[in-house]
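Some notes on the structure that comes next.
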Amino acid sequence: MSNLFYQAQGRKPTLDQSRGVYMWDQDGKRYLDGSSGAMVCNIGHSNENVLTAMRRQMEKSTFGYRLHFETEASEHLATKLANLMPEGLNKVFFVSGGSEAVETGLKLARQYAVTTGQGSRWKVISRAPGYHGCSLGALAVTGYAPLTAPFEPMMRQMPKIPAPRAYLDGLDADDPATGLHYADMLEQKILAEGPDSVLAFLVEPVGGASTGALVPPRGYMERIREICTRHGVLLIMDEVMTGAGRTGKFLGSDHWLARPDIVVMSKGLGAGYMPLGAMIADDRLVAPVLDQGGFAHGFTYAGNPLACAAGLAVVNEIEMQGLCANAAEQGDRLLARLNGLMQKYELIGDVRGKGLLTAFEFMADRNSKAPLPAGLNAHQRFVDIAYAKGLIVYSRRTRDGTHGDHILVCPPLIVSDAHMDEIVEGLDASLAQFSHEIYT
Ligand code: PLP
């Protein structure tokens, strides 16, 4: 009987060890980590260079409180990240995870507004479905009812606009009119709320678990930037999942001309070696806050030297191994092969993604886009089938959170052609079993 509790699901096998794209449980069964954990382990498991950097840091010091000491590790990682950001985004605040990074971005935006005579601005518009974390502030900007509903009385729900799911609305994502259609919903929302009350727009450049790798339609991101600038609204990119090379560029938003004012990162930055997140802000936002007494924020573990040493080694690996380029190349191959599986299996209704943030969605009928019945719990059943075959994938209910199922296939960015063959074979076998179960 375990003293741990996370979810209602039953106990999982106990992890023994992990190397590269593989993990082994204590019975010796091998799994291919086709979801990088929760889209975390971007450089694969047990990378020797990262372990060496961590050992070196551990031997020197594992903790130095940020109000007592600067540390080389956090200084170097901050410089490294600033160099990888769009110009001007050069102020870095470290935290220990994605929700903390989101909270930090929201609070910096608010304090910037307060210190620059824009105290009327406090609303943060975001999208539904959308996911930004599980702390109460991050939940307020999360558009995903199953996670927010029980906590409604304890938080202040922020305004939402629909995520641009052109495939469900029967619109062509390559038609620039589609991008404008969805982006203009932001402007309508800003006008309806009152532009002077709107602080920021928070967006995942490529959707994560809530929309299943939703890629914005053509022109959407550029238009969003233009609308934010016009109304003095800050653009915050939630790169918690898309950052650190996952989509084929260091930041997901690097694919478009939509320069953020604030970037929040986590997952692939610590890559599973240490809990680590970062908020990176435009100098112009940070300067007035520092001038007027400093940022009223900070977690005890912020800038932990061991986490930063791991993060620095992770980013070095991404660069040295050319992992952004590999994610782009292998991602194109994976999309092509998922499209092949869609030809073969009726129940796949859509395939989408960028780089190695890719997904397919189950539908009962491709024409009507009707989801599989909620009672099938299709996404979980599929994950269980694949898991039994030694392939780990990630899944969620989409749409309004009560029905519609997507499967995220997001292996570490180090995947080779042979790994990709193994992933696709595992998916094919799992789809065959799942189709058989539901159609016979
Ligand atoms: N933002 C996005 C886009 C995420 O995908 C997640 C986690 O899945 C978070 C924020 C929250 O990150 P964490 O679970 O590390 O708090």
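Following the order of the structure tokens, chains are lettered A, B, ..., residues in each are numbered from 1, and ligands are numbered from 1.
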
- [ ] Can you tell me which residues come within 9 Å of ligand 1 when counting only C-alpha atoms and all ligand atoms, ideally as JSON, numbers by chain?
- [x] {"A": [38, 39, 96, 97, 98, 99, 100, 101, 102, 130, 131, 132, 133, 134, 135, 138, 142, 203, 204, 205, 206, 207, 208, 209, 210, 238, 239, 240, 241, 242, 264, 265, 266, 267, 275, 276, 277]}

Keeping C-alpha atoms for every residue in the selection just given, could you write it to a file as a PDB file, in the first residue's frame?
```
ATOM      1  CA  ALA A  38       5.048  15.079 -20.232  1.00  0.00           C
ATOM      2  CA  MET A  39       6.934  16.704 -23.145  1.00  0.00           C
ATOM      3  CA  SER A  96      11.128  25.720 -10.510  1.00  0.00           C
ATOM      4  CA  GLY A  97       8.349  24.856 -12.976  1.00  0.00           C
ATOM      5  CA  GLY A  98       5.828  25.945 -15.578  1.00  0.00           C
ATOM      6  CA  SER A  99       3.030  27.156 -13.308  1.00  0.00           C
ATOM      7  CA  GLU A 100       5.533  29.225 -11.346  1.00  0.00           C
ATOM      8  CA  ALA A 101       6.884  30.676 -14.596  1.00  0.00           C
ATOM      9  CA  VAL A 102       3.367  31.652 -15.715  1.00  0.00           C
ATOM     10  CA  GLY A 130      -5.782  26.288 -23.216  1.00  0.00           C
ATOM     11  CA  TYR A 131      -3.591  25.191 -20.315  1.00  0.00           C
ATOM     12  CA  HIS A 132      -1.227  27.350 -18.311  1.00  0.00           C
ATOM     13  CA  GLY A 133      -0.745  25.508 -15.044  1.00  0.00           C
ATOM     14  CA  CYS A 134      -2.431  24.306 -11.890  1.00  0.00           C
ATOM     15  CA  SER A 135      -1.719  26.994  -9.286  1.00  0.00           C
ATOM     16  CA  ALA A 138      -2.381  30.014 -13.636  1.00  0.00           C
ATOM     17  CA  THR A 142      -6.536  28.185 -18.063  1.00  0.00           C
ATOM     18  CA  VAL A 203      -0.933  32.228 -25.594  1.00  0.00           C
ATOM     19  CA  GLU A 204       0.691  28.867 -26.315  1.00  0.00           C
ATOM     20  CA  PRO A 205       2.316  29.337 -29.773  1.00  0.00           C
ATOM     21  CA  VAL A 206       1.593  25.698 -30.607  1.00  0.00           C
ATOM     22  CA  GLY A 207      -1.066  24.227 -28.347  1.00  0.00           C
ATOM     23  CA  GLY A 208      -0.038  21.673 -25.774  1.00  0.00           C
ATOM     24  CA  ALA A 209      -2.107  19.094 -23.966  1.00  0.00           C
ATOM     25  CA  SER A 210      -5.346  21.096 -24.024  1.00  0.00           C
ATOM     26  CA  ASP A 238       3.670  30.394 -22.842  1.00  0.00           C
ATOM     27  CA  GLU A 239       6.614  28.367 -24.143  1.00  0.00           C
ATOM     28  CA  VAL A 240       6.535  25.931 -21.226  1.00  0.00           C
ATOM     29  CA  MET A 241       5.952  23.046 -23.636  1.00  0.00           C
ATOM     30  CA  THR A 242       7.043  24.557 -26.956  1.00  0.00           C
ATOM     31  CA  VAL A 264       7.762  31.694 -19.943  1.00  0.00           C
ATOM     32  CA  MET A 265       9.574  28.368 -20.204  1.00  0.00           C
ATOM     33  CA  SER A 266      10.028  25.196 -18.177  1.00  0.00           C
ATOM     34  CA  LYS A 267       9.686  21.491 -19.150  1.00  0.00           C
ATOM     35  CA  PRO A 275      12.870  21.188 -11.735  1.00  0.00           C
ATOM     36  CA  LEU A 276      13.525  24.466 -13.560  1.00  0.00           C
ATOM     37  CA  GLY A 277      11.545  27.230 -15.216  1.00  0.00           C
TER      38      GLY A 277
END
```

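Near Ala258 in chain A, within a cut-off of 10 Å and counting only C-alpha atoms, sit the residues Pro86, Pro205, Gly219, Tyr220, Met221, Glu222, Arg223, Ile224, Arg225, Glu226, Leu235, Met237, Ser253 and Asp254 of chain A, with same-chain residues fewer than 4 positions away left out.
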
Export C-alpha atoms of the chosen residues as a tab-separated table (two decimals), in the first residue's frame?
```tsv
chain	number	residue	atom	x	y	z
A	86	PRO	CA	14.33	37.75	-29.60
A	205	PRO	CA	2.32	29.34	-29.77
A	219	GLY	CA	-1.41	34.97	-40.30
A	220	TYR	CA	-2.83	34.41	-36.80
A	221	MET	CA	0.30	35.08	-34.75
A	222	GLU	CA	1.33	38.17	-36.70
A	223	ARG	CA	-2.16	39.64	-36.35
A	224	ILE	CA	-2.21	38.88	-32.62
A	225	ARG	CA	1.03	40.84	-32.23
A	226	GLU	CA	-0.38	43.76	-34.18
A	235	LEU	CA	1.96	39.58	-25.39
A	237	MET	CA	4.15	33.53	-24.88
A	253	SER	CA	7.09	31.57	-31.42
A	254	ASP	CA	10.31	31.82	-33.48
```

- [ ] Select from range 193-384 of chain A everything DSSP, run on the backbone, classes as helix (DSSP H, G or I), then give the selection as a ChimeraX atom specification.
- [x] /A:193,195-197,220-230,252-255,267-269,283-291,305-320,323-344,374-376,378-384

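Residues within 10 Å of His419 in chain A, counting only C-alpha atoms and excluding same-chain residues fewer than 6 positions away, are Val21, Tyr22, Leu32, Gly34, Pro411 and Glu425 of chain A.
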
Open item on the list: Under the rule that only C-alpha atoms are counted, which of A:Ala213, A:Ala418, A:Ala302, A:Ala183 is the nearest residue to Ala278 in chain A?
Closed with: A:Ala302

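The closest residue to Cys41 in chain A, picked from A:Met23, A:Ala140, A:Leu15, A:Leu180 and counting only C-alpha atoms, is A:Met23.
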
Open item on the list: What's the separation between CA of Thr247 in chain A and CA of Leu89 in chain A, in Å to one decimal place?
Closed with: 20.1 Å

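Closest approach to Gly105 in chain A from the set A:Leu191, A:Ile280, A:Val315, A:Ala149 is made by A:Ile280, with distances taken over only C-alpha atoms.
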
Task: strand (DSSP E) call set, DSSP backbone run, range 119-274 of chain A, as a ChimeraX atom specification - done: /A:123-128,160-162,198-203,234-239,262-265

Which polymer residues have any atom within 12 Å of an atom of Ala378 in chain A, counting only C-alpha atoms, with same-chain residues fewer than 6 positions away left out, as a compact mmCIF listing (two decimals) with C-alpha atoms, in the first residue's frame?
```
# COMPACT_ATOMS: atom_id res chain seq x y z
CA LEU A 347 -10.98 6.54 -36.38
CA ILE A 348 -8.18 9.09 -36.81
CA GLU A 361 -7.31 13.10 -32.81
CA PHE A 362 -9.90 10.35 -32.74
CA MET A 363 -13.27 11.01 -34.35
CA ALA A 364 -16.31 8.80 -34.83
CA PRO A 371 -15.98 12.64 -31.40
CA LEU A 372 -15.94 9.07 -30.17
CA ASP A 384 -3.03 1.81 -21.98
CA ILE A 385 -2.87 -0.38 -25.09
CA SER A 395 -3.34 11.81 -24.18
CA ARG A 396 -6.12 14.17 -23.22
CA ARG A 397 -9.78 14.85 -23.77
CA THR A 398 -10.09 17.92 -25.95
CA THR A 402 -15.87 16.40 -21.76
CA HIS A 403 -15.42 14.63 -25.07
CA GLY A 404 -13.02 14.38 -28.01
CA ASP A 405 -9.72 12.59 -27.60
CA HIS A 406 -6.24 13.33 -28.85
CA ILE A 407 -2.96 11.47 -28.55
CA LEU A 431 -4.38 1.39 -33.45
CA PHE A 434 -8.02 -0.33 -30.51
CA SER A 435 -9.97 -0.29 -33.83
CA GLU A 437 -12.00 -3.35 -29.87
CA ILE A 438 -14.36 -0.55 -30.81
```
